[in-house]
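Student: Provided herewith: query-v3.txt, compact mmCIF, C-alpha atoms and all ligand atoms.
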# COMPACT_ATOMS: atom_id res chain seq x y z
CA MET A 466 109.42 131.80 88.43
CA THR A 467 109.39 129.59 85.35
CA ASP A 468 107.38 128.92 82.19
CA ILE A 469 103.89 128.35 83.44
CA LEU A 470 102.18 125.22 82.20
CA GLU A 471 98.43 125.54 82.58
CA ILE A 472 97.83 123.14 85.45
CA PRO A 473 94.15 122.41 86.16
CA ILE A 474 93.13 122.93 89.77
CA LEU A 475 90.38 121.06 91.57
CA LYS A 476 89.82 122.96 94.81
CA THR A 477 88.78 121.20 97.98
CA ALA A 478 85.18 121.77 99.05
CA HIS A 479 86.24 121.43 102.71
CA SER A 480 89.36 123.33 103.67
CA ARG A 481 90.94 121.99 106.90
CA LEU A 482 92.78 125.27 107.53
CA SER A 483 90.54 126.45 110.37
CA GLU A 484 91.16 123.17 112.27
CA VAL A 485 94.93 123.72 112.49
CA ASP A 486 96.47 124.88 115.78
CA PHE A 487 99.21 127.09 114.34
CA ASP A 488 100.51 127.84 117.85
CA ASN A 489 101.34 124.20 118.44
CA LEU A 490 102.59 122.89 115.12
CA GLN A 491 104.30 119.55 115.12
CA PHE A 492 106.63 118.54 112.33
CA GLY A 493 105.03 116.63 109.48
CA LYS A 494 101.67 115.76 111.04
CA VAL A 495 99.21 118.06 109.28
CA MET A 496 99.11 118.37 105.50
CA SER A 497 97.79 121.39 103.61
CA ASP A 498 94.62 121.25 101.54
CA HIS A 499 96.03 120.43 98.10
CA MET A 500 98.71 118.45 96.28
CA LEU A 501 100.22 118.50 92.81
CA ILE A 502 100.27 115.19 91.00
CA ALA A 503 101.54 114.08 87.59
CA GLU A 504 102.14 110.72 85.93
CA TYR A 505 104.86 109.46 83.60
CA GLU A 506 103.93 106.91 80.97
CA ASN A 507 105.03 106.11 77.40
CA GLY A 508 108.14 108.25 77.85
CA GLU A 509 106.38 111.45 78.86
CA TRP A 510 104.93 113.31 81.79
CA GLU A 511 101.21 113.90 81.56
CA ASN A 512 98.10 114.85 83.42
CA ALA A 513 99.71 117.36 85.83
CA ARG A 514 96.95 118.62 88.12
CA ILE A 515 96.35 120.09 91.54
CA VAL A 516 93.75 118.24 93.58
CA PRO A 517 92.66 118.01 97.24
CA TYR A 518 95.28 116.23 99.40
CA GLY A 519 94.09 112.68 99.87
CA GLU A 520 94.58 108.97 99.38
CA LEU A 521 96.09 107.39 96.28
CA GLY A 522 94.72 104.23 94.72
CA LEU A 523 97.77 101.99 94.19
CA LEU A 524 98.22 98.35 93.21
CA PRO A 525 100.14 96.09 95.60
CA ALA A 526 102.56 95.15 92.80
CA ILE A 527 103.93 98.67 92.14
CA SER A 528 107.68 98.40 91.96
CA ALA A 529 108.52 101.28 94.33
CA LEU A 530 107.13 99.18 97.17
CA HIS A 531 109.35 96.23 96.29
CA TYR A 532 112.56 97.54 94.79
CA GLY A 533 112.74 101.04 96.19
CA GLN A 534 112.69 103.31 93.14
CA ALA A 535 111.55 106.27 95.23
CA ILE A 536 113.14 109.69 95.71
CA PHE A 537 112.15 112.89 97.50
CA GLU A 538 113.13 116.44 98.36
CA GLY A 539 112.63 118.65 101.38
CA MET A 540 112.24 122.38 100.93
CA LYS A 541 110.51 125.25 102.68
CA ALA A 542 108.38 128.32 102.00
CA TYR A 543 108.29 131.18 104.48
CA ARG A 544 105.76 133.84 105.43
CA MET A 545 107.71 137.05 104.91
CA GLU A 546 107.37 140.01 107.22
CA ASN A 547 105.45 141.90 104.49
CA GLY A 548 102.89 139.09 104.37
CA GLU A 549 104.11 137.56 101.09
CA VAL A 550 105.14 133.92 100.83
CA ALA A 551 108.55 132.99 99.39
CA ILE A 552 110.26 129.66 98.71
CA PHE A 553 113.90 129.17 99.76
CA ARG A 554 116.21 128.14 96.88
CA PRO A 555 113.70 125.98 94.94
CA GLN A 556 115.97 125.73 91.90
CA ALA A 557 118.61 123.98 94.03
CA ASN A 558 116.08 121.38 95.19
CA PHE A 559 114.81 120.91 91.64
CA ASP A 560 118.36 120.30 90.38
CA ARG A 561 119.14 117.85 93.20
CA PHE A 562 115.85 116.02 92.64
CA ASN A 563 116.75 115.28 89.05
CA LEU A 564 120.27 114.17 90.07
CA SER A 565 118.65 111.69 92.47
CA ALA A 566 116.31 110.60 89.65
CA GLU A 567 119.26 109.93 87.35
CA ARG A 568 121.03 107.80 89.98
CA MET A 569 117.87 105.77 90.64
CA CYS A 570 117.23 105.25 86.91
CA MET A 571 114.08 107.37 86.97
CA PRO A 572 112.97 110.01 84.44
CA ALA A 573 113.74 113.68 85.06
CA VAL A 574 110.77 115.83 86.02
CA PRO A 575 110.58 118.89 83.74
CA ALA A 576 110.74 122.43 85.14
CA ASP A 577 107.22 123.34 84.05
CA ILE A 578 105.81 120.56 86.23
CA PHE A 579 108.21 120.76 89.20
CA MET A 580 108.82 124.52 89.40
CA GLY A 581 105.62 125.69 87.72
CA GLY A 582 103.47 123.23 89.69
CA LEU A 583 105.26 124.18 92.91
CA GLU A 584 104.55 127.85 92.37
CA GLN A 585 100.87 127.27 91.66
CA LEU A 586 100.48 124.88 94.61
CA ILE A 587 102.11 127.27 97.08
CA LYS A 588 100.02 130.15 95.74
CA LEU A 589 96.83 128.14 96.17
CA ASP A 590 97.69 127.03 99.73
CA SER A 591 99.57 130.20 100.70
CA ALA A 592 97.29 130.70 103.72
CA TRP A 593 98.90 127.56 105.16
CA ALA A 594 102.33 129.26 105.38
CA PRO A 595 102.56 130.08 109.06
CA THR A 596 103.91 133.13 110.83
CA GLY A 597 105.95 132.74 114.01
CA ALA A 598 109.56 132.05 114.93
CA GLY A 599 110.86 128.82 113.43
CA ASN A 600 107.62 128.15 111.56
CA SER A 601 107.47 127.48 107.83
CA LEU A 602 105.61 125.58 105.16
CA TYR A 603 107.55 122.38 104.54
CA ILE A 604 107.35 121.18 100.93
CA ARG A 605 107.71 117.54 100.02
CA PRO A 606 108.20 116.73 96.31
CA PHE A 607 108.61 113.00 95.63
CA MET A 608 108.50 110.44 92.85
CA PHE A 609 107.97 106.70 92.91
CA ALA A 610 107.79 103.84 90.41
CA THR A 611 104.32 102.53 89.61
CA ASP A 612 104.77 99.62 87.20
CA ALA A 613 102.70 96.73 88.54
CA PHE A 614 105.29 94.15 87.59
CA VAL A 615 107.11 91.56 89.68
CA GLY A 616 110.56 91.63 88.16
CA ILE A 617 113.59 93.81 88.46
CA ARG A 618 113.98 96.45 85.78
CA PRO A 619 113.49 100.20 85.75
CA SER A 620 109.79 100.97 85.92
CA GLU A 621 108.15 102.43 82.84
CA ARG A 622 105.59 104.39 84.87
CA TYR A 623 106.08 106.89 87.69
CA THR A 624 104.04 109.27 89.82
CA PHE A 625 105.34 112.67 90.91
CA ILE A 626 103.64 114.48 93.80
CA ILE A 627 104.21 117.63 95.82
CA PHE A 628 102.37 118.17 99.08
CA THR A 629 103.06 120.68 101.84
CA CYS A 630 102.69 120.89 105.60
CA PRO A 631 103.01 123.77 108.07
CA VAL A 632 105.80 122.94 110.53
CA ASN A 633 107.74 124.14 113.51
CA SER A 634 111.32 123.11 114.41
CA TYR A 635 112.33 119.52 113.72
CA TYR A 636 114.44 119.41 116.88
CA ALA A 637 113.35 121.38 119.92
CA ALA A 638 116.53 121.25 122.01
CA PRO A 639 120.31 120.67 121.59
CA LEU A 640 120.94 117.08 120.56
CA ARG A 641 122.76 114.10 121.93
CA VAL A 642 124.19 112.20 118.95
CA LYS A 643 126.09 108.92 118.75
CA VAL A 644 128.95 108.22 116.37
CA GLU A 645 127.98 105.08 114.44
CA THR A 646 130.93 102.81 113.80
CA HIS A 647 129.23 99.53 112.95
CA TYR A 648 126.40 100.24 110.52
CA THR A 649 127.02 102.04 107.23
CA ARG A 650 124.90 104.62 105.42
CA ALA A 651 126.72 104.86 102.11
CA ALA A 652 129.76 103.54 100.29
CA GLN A 653 131.74 104.82 97.31
CA GLY A 654 129.70 104.33 94.17
CA GLY A 655 126.49 103.83 96.13
CA THR A 656 123.44 106.06 96.49
CA GLY A 657 124.59 108.22 99.43
CA PHE A 658 124.44 111.50 97.50
CA ALA A 659 120.91 110.79 96.23
CA LYS A 660 117.85 111.62 98.28
CA CYS A 661 116.34 108.18 97.87
CA ALA A 662 113.94 106.55 100.29
CA GLY A 663 116.17 103.58 101.05
CA ASN A 664 118.96 105.74 102.47
CA TYR A 665 116.59 106.73 105.27
CA ALA A 666 115.15 103.23 105.80
CA GLY A 667 118.67 101.91 106.34
CA ALA A 668 119.20 104.46 109.09
CA LEU A 669 116.20 103.41 111.15
CA LEU A 670 117.67 100.42 113.00
CA PRO A 671 120.95 102.08 114.06
CA THR A 672 118.99 105.19 115.06
CA LYS A 673 116.59 103.07 117.11
CA LEU A 674 119.54 101.41 118.85
CA ALA A 675 121.10 104.83 119.52
CA ASN A 676 117.72 106.09 120.84
CA ALA A 677 117.71 103.20 123.33
CA GLU A 678 121.08 104.48 124.61
CA GLY A 679 119.68 107.99 125.08
CA TYR A 680 120.83 109.62 121.82
CA GLN A 681 118.41 111.30 119.40
CA GLN A 682 120.50 110.84 116.28
CA ILE A 683 123.54 109.14 114.86
CA LEU A 684 126.62 110.52 113.17
CA TRP A 685 127.55 108.38 110.21
CA THR A 686 131.15 107.47 109.54
CA ASP A 687 132.77 106.26 106.30
CA ALA A 688 131.93 102.71 105.22
CA GLU A 689 135.50 101.56 104.67
CA THR A 690 137.26 102.50 107.90
CA HIS A 691 134.63 104.06 110.21
CA THR A 692 137.25 106.61 111.16
CA HIS A 693 135.88 109.84 109.72
CA LEU A 694 132.64 111.77 109.84
CA GLU A 695 130.15 111.86 106.98
CA GLU A 696 126.71 113.22 107.94
CA SER A 697 123.97 112.79 110.49
CA GLY A 698 120.74 110.84 110.01
CA THR A 699 118.70 113.87 108.99
CA MET A 700 121.27 116.58 108.22
CA ASN A 701 124.84 117.49 107.33
CA ILE A 702 127.32 117.98 110.17
CA MET A 703 129.34 121.15 110.79
CA LEU A 704 131.91 122.04 113.44
CA VAL A 705 133.53 125.26 114.55
CA LYS A 706 137.24 124.72 115.25
CA GLU A 707 139.51 127.57 116.23
CA GLY A 708 137.14 130.03 114.60
CA LYS A 709 136.91 128.09 111.32
CA LEU A 710 133.83 126.34 110.01
CA ILE A 711 134.72 122.77 109.11
CA THR A 712 132.50 120.17 107.47
CA PRO A 713 133.00 116.87 105.63
CA LYS A 714 133.33 117.39 101.89
CA THR A 715 130.46 116.04 99.84
CA ALA A 716 131.13 113.33 97.29
CA ASP A 717 129.43 110.02 96.54
CA THR A 718 128.54 109.29 100.14
CA VAL A 719 127.29 112.59 101.55
CA LEU A 720 124.13 114.49 100.61
CA LYS A 721 124.86 117.87 99.01
CA GLY A 722 122.81 119.80 101.53
CA ILE A 723 121.27 123.06 100.37
CA THR A 724 121.24 124.42 103.92
CA ARG A 725 124.87 123.28 104.18
CA ASP A 726 125.72 125.19 101.00
CA SER A 727 123.83 128.29 102.20
CA ILE A 728 125.71 128.25 105.51
CA ILE A 729 129.07 127.93 103.76
CA THR A 730 128.14 130.86 101.50
CA LEU A 731 127.10 133.02 104.47
CA ALA A 732 130.17 132.13 106.54
CA LYS A 733 132.53 132.93 103.65
CA SER A 734 130.75 136.25 103.07
CA TRP A 735 131.50 137.18 106.68
CA GLY A 736 135.19 136.24 106.31
CA ILE A 737 134.89 133.06 108.38
CA PRO A 738 137.36 130.51 106.95
CA VAL A 739 135.54 127.39 105.70
CA GLU A 740 137.18 124.00 105.26
CA GLU A 741 135.38 121.19 103.42
CA ARG A 742 137.58 118.21 104.18
CA THR A 743 138.02 114.89 105.95
CA ILE A 744 137.32 115.12 109.68
CA THR A 745 138.62 112.13 111.60
CA LEU A 746 137.05 110.91 114.84
CA THR A 747 140.43 111.47 116.50
CA GLU A 748 140.32 115.13 115.47
CA LEU A 749 136.71 115.36 116.69
CA VAL A 750 137.33 113.83 120.11
CA GLU A 751 140.65 115.59 120.73
CA GLY A 752 139.18 118.90 119.56
CA ILE A 753 136.31 118.67 122.04
CA GLN A 754 138.63 117.53 124.87
CA GLN A 755 141.18 120.26 124.19
CA GLY A 756 138.55 122.96 123.68
CA THR A 757 139.51 123.74 120.08
CA ILE A 758 136.16 122.49 118.76
CA THR A 759 133.70 124.89 120.31
CA GLU A 760 130.48 124.27 118.36
CA ALA A 761 128.90 121.31 116.55
CA PHE A 762 125.63 121.44 114.71
CA GLY A 763 123.49 119.76 112.11
CA ALA A 764 122.37 121.61 108.99
CA GLY A 765 119.34 120.59 106.96
CA THR A 766 116.06 121.82 105.55
CA ALA A 767 114.00 120.27 108.31
CA ALA A 768 116.57 120.77 111.07
CA VAL A 769 117.81 124.20 109.83
CA VAL A 770 120.67 124.72 112.34
CA ALA A 771 120.44 122.10 115.10
CA PRO A 772 122.98 122.51 117.91
CA ILE A 773 124.65 119.34 119.23
CA ALA A 774 125.27 119.28 122.97
CA THR A 775 126.88 115.86 123.31
CA ILE A 776 128.63 113.38 121.03
CA GLY A 777 128.85 109.77 122.15
CA TYR A 778 131.75 107.73 120.79
CA GLU A 779 132.75 104.22 121.85
CA GLY A 780 130.90 104.47 125.16
CA THR A 781 132.16 107.93 126.18
CA ASP A 782 130.13 111.14 125.99
CA TYR A 783 132.00 114.24 124.80
CA HIS A 784 130.29 117.48 125.75
CA LEU A 785 130.42 120.65 123.67
CA PRO A 786 130.50 124.00 125.51
CA GLU A 787 127.10 125.43 126.52
CA VAL A 788 125.19 126.68 123.48
CA SER A 789 124.83 130.08 125.20
CA THR A 790 128.60 130.62 124.68
CA TRP A 791 128.49 129.86 120.93
CA THR A 792 129.04 132.64 118.43
CA VAL A 793 128.89 131.09 114.94
CA ALA A 794 125.88 128.73 114.76
CA PRO A 795 123.42 131.16 116.41
CA LYS A 796 124.59 133.96 114.09
CA ILE A 797 124.09 131.72 111.05
CA LYS A 798 120.65 130.63 112.22
CA GLU A 799 119.57 134.20 112.81
CA ALA A 800 120.93 135.40 109.46
CA LEU A 801 119.25 132.58 107.54
CA ASN A 802 115.98 133.29 109.28
CA ALA A 803 116.22 137.03 108.60
CA ILE A 804 116.75 136.40 104.87
CA ARG A 805 113.87 133.94 104.83
CA ILE A 806 111.36 136.28 106.44
CA GLY A 807 112.64 139.33 104.57
CA THR A 808 114.06 141.32 107.48
CA ALA A 809 117.57 141.14 105.92
CA PRO A 810 118.44 141.75 102.25
CA ASP A 811 118.34 138.67 100.05
CA THR A 812 121.94 139.23 98.91
CA PHE A 813 122.30 135.82 97.29
CA ASP A 814 118.91 135.77 95.50
CA TRP A 815 117.72 132.77 97.46
CA MET A 816 114.08 133.69 97.93
CA VAL A 817 111.45 133.18 95.24
CA THR A 818 108.23 134.99 96.02
CA VAL A 819 105.09 133.27 94.75
C1 LIG B 1 114.87 117.51 105.16
O1 LIG B 1 115.66 118.07 105.91
O2 LIG B 1 114.08 118.14 104.46
C2 LIG B 1 114.83 116.05 105.04
O3 LIG B 1 114.43 115.56 104.04
C3 LIG B 1 115.19 115.24 106.21
C4 LIG B 1 114.03 114.50 106.77
C5 LIG B 1 114.50 113.74 107.91
C6 LIG B 1 112.89 115.36 107.21
Could you render the structure from this file as structure tokens?
Ligand code: COI

Tutor:
Amino acid sequence: MTDILEIPILKTAHSRLSEVDFDNLQFGKVMSDHMLIAEYENGEWENARIVPYGELGLLPAISALHYGQAIFEGMKAYRMENGEVAIFRPQANFDRFNLSAERMCMPAVPADIFMGGLEQLIKLDSAWAPTGAGNSLYIRPFMFATDAFVGIRPSERYTFIIFTCPVNSYYAAPLRVKVETHYTRAAQGGTGFAKCAGNYAGALLPTKLANAEGYQQILWTDAETHTHLEESGTMNIMLVKEGKLITPKTADTVLKGITRDSIITLAKSWGIPVEERTITLTELVEGIQQGTITEAFGAGTAAVVAPIATIGYEGTDYHLPEVSTWTVAPKIKEALNAIRIGTAPDTFDWMVTV
């Protein structure tokens, strides 16, 4: 996969693998046996190692806890039909991780630690990659600032970690989502395109308020006018309108989703017209009412392709047609899954076998 740095491995003496109920996986609750960890100090990354997954000793003053210099990625490895384990588009996550790092004034993580460490970690814990429809090994790389210093400046020390967890679907059923027109996720020039921890913290209150109204998620709108769609709390948003796939274009305020990009690539390869552009709430509501918008779904690593049944906007619920009548989103989901488990050719070279 990449130049292999010799990363020392300390294996756990007590694997927890046999305790896992792989038939009833829940998202993000059970972590695999090992994690990769490396530290940055004096301008360089050092001490990369794989150790048993466990607690970290941290000082209360570390700056990530106070000022939010913390970024992460979400990626997945799959158990292929031939029994091998392969990671989906890891280079894309690596590239995005270092873009997030740059925006948050953090050091880049080199390929030999991120990609090389990832490969060795997944190899070591490959038995944790589950079989079964919708199951995968979720991979969480992250970095946070560790200077114990009460003052605002970029930290001089950081910790980078990758751990993994076997998961099932993030969302079990078609979603009810609410268009958010008061709170804001991201503004021009802000951190919306970065996968930084604070972007998700800021979403918690509006999501909680939407949950109280019976919606599982929110649909963010632009900060300036709250008149056009941006993304959902955990995924990018895509619509099918008159046979075309339409999705907000990514810029400063929208995460450049790797699942989003994969879906666009697949759709184009099938001759489905794709439009990355502004989608106003008027177009959304009128399209659902007039029957021109026939499918709406979220796209993300965790969510994969998550159908949306209902969109709430200004107190009215707008219902999409029954998912059983959809033609595009289910086809995309099936095609992505087939590539990931190796039952369809990997035409775009997305899978990296470990
Ligand atoms: C992912 O899709 O991997 C994310 O990071 C979103 C998170 C809500 C699980």

Student: Using 7 Å as the limit and counting only C-alpha atoms and all ligand atoms, can you tabulate each residue of chain A that touches ligand LIG 1 (chain B), with its shortest atom-to-atom distance in Å and the two atoms involved, as a tab-separated table?

Tutor:
residue	atom	partner	partner_atom	distance
A:Glu538	CA	B:LIG1	O3	5.9
A:Gly539	CA	B:LIG1	O2	3.4
A:Met540	CA	B:LIG1	O2	5.8
A:Thr699	CA	B:LIG1	C5	4.3
A:Met700	CA	B:LIG1	O1	6.2
A:Gly765	CA	B:LIG1	O1	4.6
A:Thr766	CA	B:LIG1	O1	3.8
A:Ala767	CA	B:LIG1	O1	3.7
A:Ala768	CA	B:LIG1	O1	5.9

Student: Work out how far apart CA of Leu589 (chain A) and CA of Arg561 (chain A) are and give it in Å to one decimal.

Tutor: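 About the pair CA of Leu589 (chain A) and CA of Arg561 (chain A): they are 24.7 Å apart.
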
Student: Please report the interatomic distance between CA of Ala529 (chain A) and CA of Ser620 (chain A) in Å with one decimal.

Tutor: 8.5 Å

Student: Mind giving me the straight-line distance from CA of Ser497 (chain A) to CA of Gly698 (chain A) in Å, one decimal?

Tutor: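 Between CA of Ser497 (chain A) and CA of Gly698 (chain A) the gap is 26.1 Å.
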
Student: Rank nothing, just name the residue among A:Pro810, A:Pro713, A:Pro639, A:Gly663 nearest to His784 (chain A), using all atoms listed in the file.

Tutor: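 Answer, going by the shortest atom-to-atom distance: A:Pro639.
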
Student: Could you pull out every residue with an atom within 12 Å of (139.0, 113.5, 110.9), file coordinates, counting only C-alpha atoms, and send them as a ChimeraX atom specification?

Tutor: /A:686-687,690-695,704,711-714,741-752

Student: Go ahead and write the residues just picked, C-alpha atoms, as a compact mmCIF listing (two decimals), in the coordinates of the input.

Tutor:
# COMPACT_ATOMS: atom_id res chain seq x y z
CA THR A 686 131.15 107.47 109.54
CA ASP A 687 132.77 106.26 106.30
CA THR A 690 137.26 102.50 107.90
CA HIS A 691 134.63 104.06 110.21
CA THR A 692 137.25 106.61 111.16
CA HIS A 693 135.88 109.84 109.72
CA LEU A 694 132.64 111.77 109.84
CA GLU A 695 130.15 111.86 106.98
CA LEU A 704 131.91 122.04 113.44
CA ILE A 711 134.72 122.77 109.11
CA THR A 712 132.50 120.17 107.47
CA PRO A 713 133.00 116.87 105.63
CA LYS A 714 133.33 117.39 101.89
CA GLU A 741 135.38 121.19 103.42
CA ARG A 742 137.58 118.21 104.18
CA THR A 743 138.02 114.89 105.95
CA ILE A 744 137.32 115.12 109.68
CA THR A 745 138.62 112.13 111.60
CA LEU A 746 137.05 110.91 114.84
CA THR A 747 140.43 111.47 116.50
CA GLU A 748 140.32 115.13 115.47
CA LEU A 749 136.71 115.36 116.69
CA VAL A 750 137.33 113.83 120.11
CA GLU A 751 140.65 115.59 120.73
CA GLY A 752 139.18 118.90 119.56

Student: Which residue is closest to Thr611 (chain A)? Choose from A:Ala659, A:Met571, A:Ala675, A:Ala716 and count only C-alpha atoms.

Tutor: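 The closest residue to Thr611 (chain A) is A:Met571.
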
Student: If you count all atoms listed in the file, which residues fall within 10 Å of Leu564 (chain A), apart from same-chain ones fewer than 5 positions away, as a list in words?

Tutor: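 The residues that qualify are Asn558, Phe559, Met569, Cys570, Met571, Ala573, Phe658, Ala659 and Lys660 of chain A.
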
Student: Keeping C-alpha atoms, export the residues of the selection given above as a PDB file, keeping the file's coordinate frame.

Tutor:
ATOM      1  CA  ASN A 558     116.080 121.380  95.190  1.00  0.00           C
ATOM      2  CA  PHE A 559     114.810 120.910  91.640  1.00  0.00           C
ATOM      3  CA  MET A 569     117.870 105.770  90.640  1.00  0.00           C
ATOM      4  CA  CYS A 570     117.230 105.250  86.910  1.00  0.00           C
ATOM      5  CA  MET A 571     114.080 107.370  86.970  1.00  0.00           C
ATOM      6  CA  ALA A 573     113.740 113.680  85.060  1.00  0.00           C
ATOM      7  CA  PHE A 658     124.440 111.500  97.500  1.00  0.00           C
ATOM      8  CA  ALA A 659     120.910 110.790  96.230  1.00  0.00           C
ATOM      9  CA  LYS A 660     117.850 111.620  98.280  1.00  0.00           C
TER      10      LYS A 660
END

Student: Find the residues near Lys798 (chain A): any atom within 10 Å, counting all atoms listed in the file, skip ones fewer than 5 places away on the same chain, and give them as a PyMOL selection string.

Tutor: chain A and resi 728+764+769-771+793+803

Student: I'd like to know which of A:Ala662, A:Ala613, A:Leu602, A:Leu501 is closest to Leu524 (chain A), using only C-alpha atoms.

Tutor: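 When distances to Leu524 (chain A) are compared using only C-alpha atoms, the smallest one comes from A:Ala613.
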
Student: Between A:Gly616, A:Gly756, A:Gly599, A:Gly679, which has the minimum distance to Pro786 (chain A) (counting only C-alpha atoms)?

Tutor: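 Among the listed residues, the smallest separation from Pro786 (chain A) belongs to A:Gly756.
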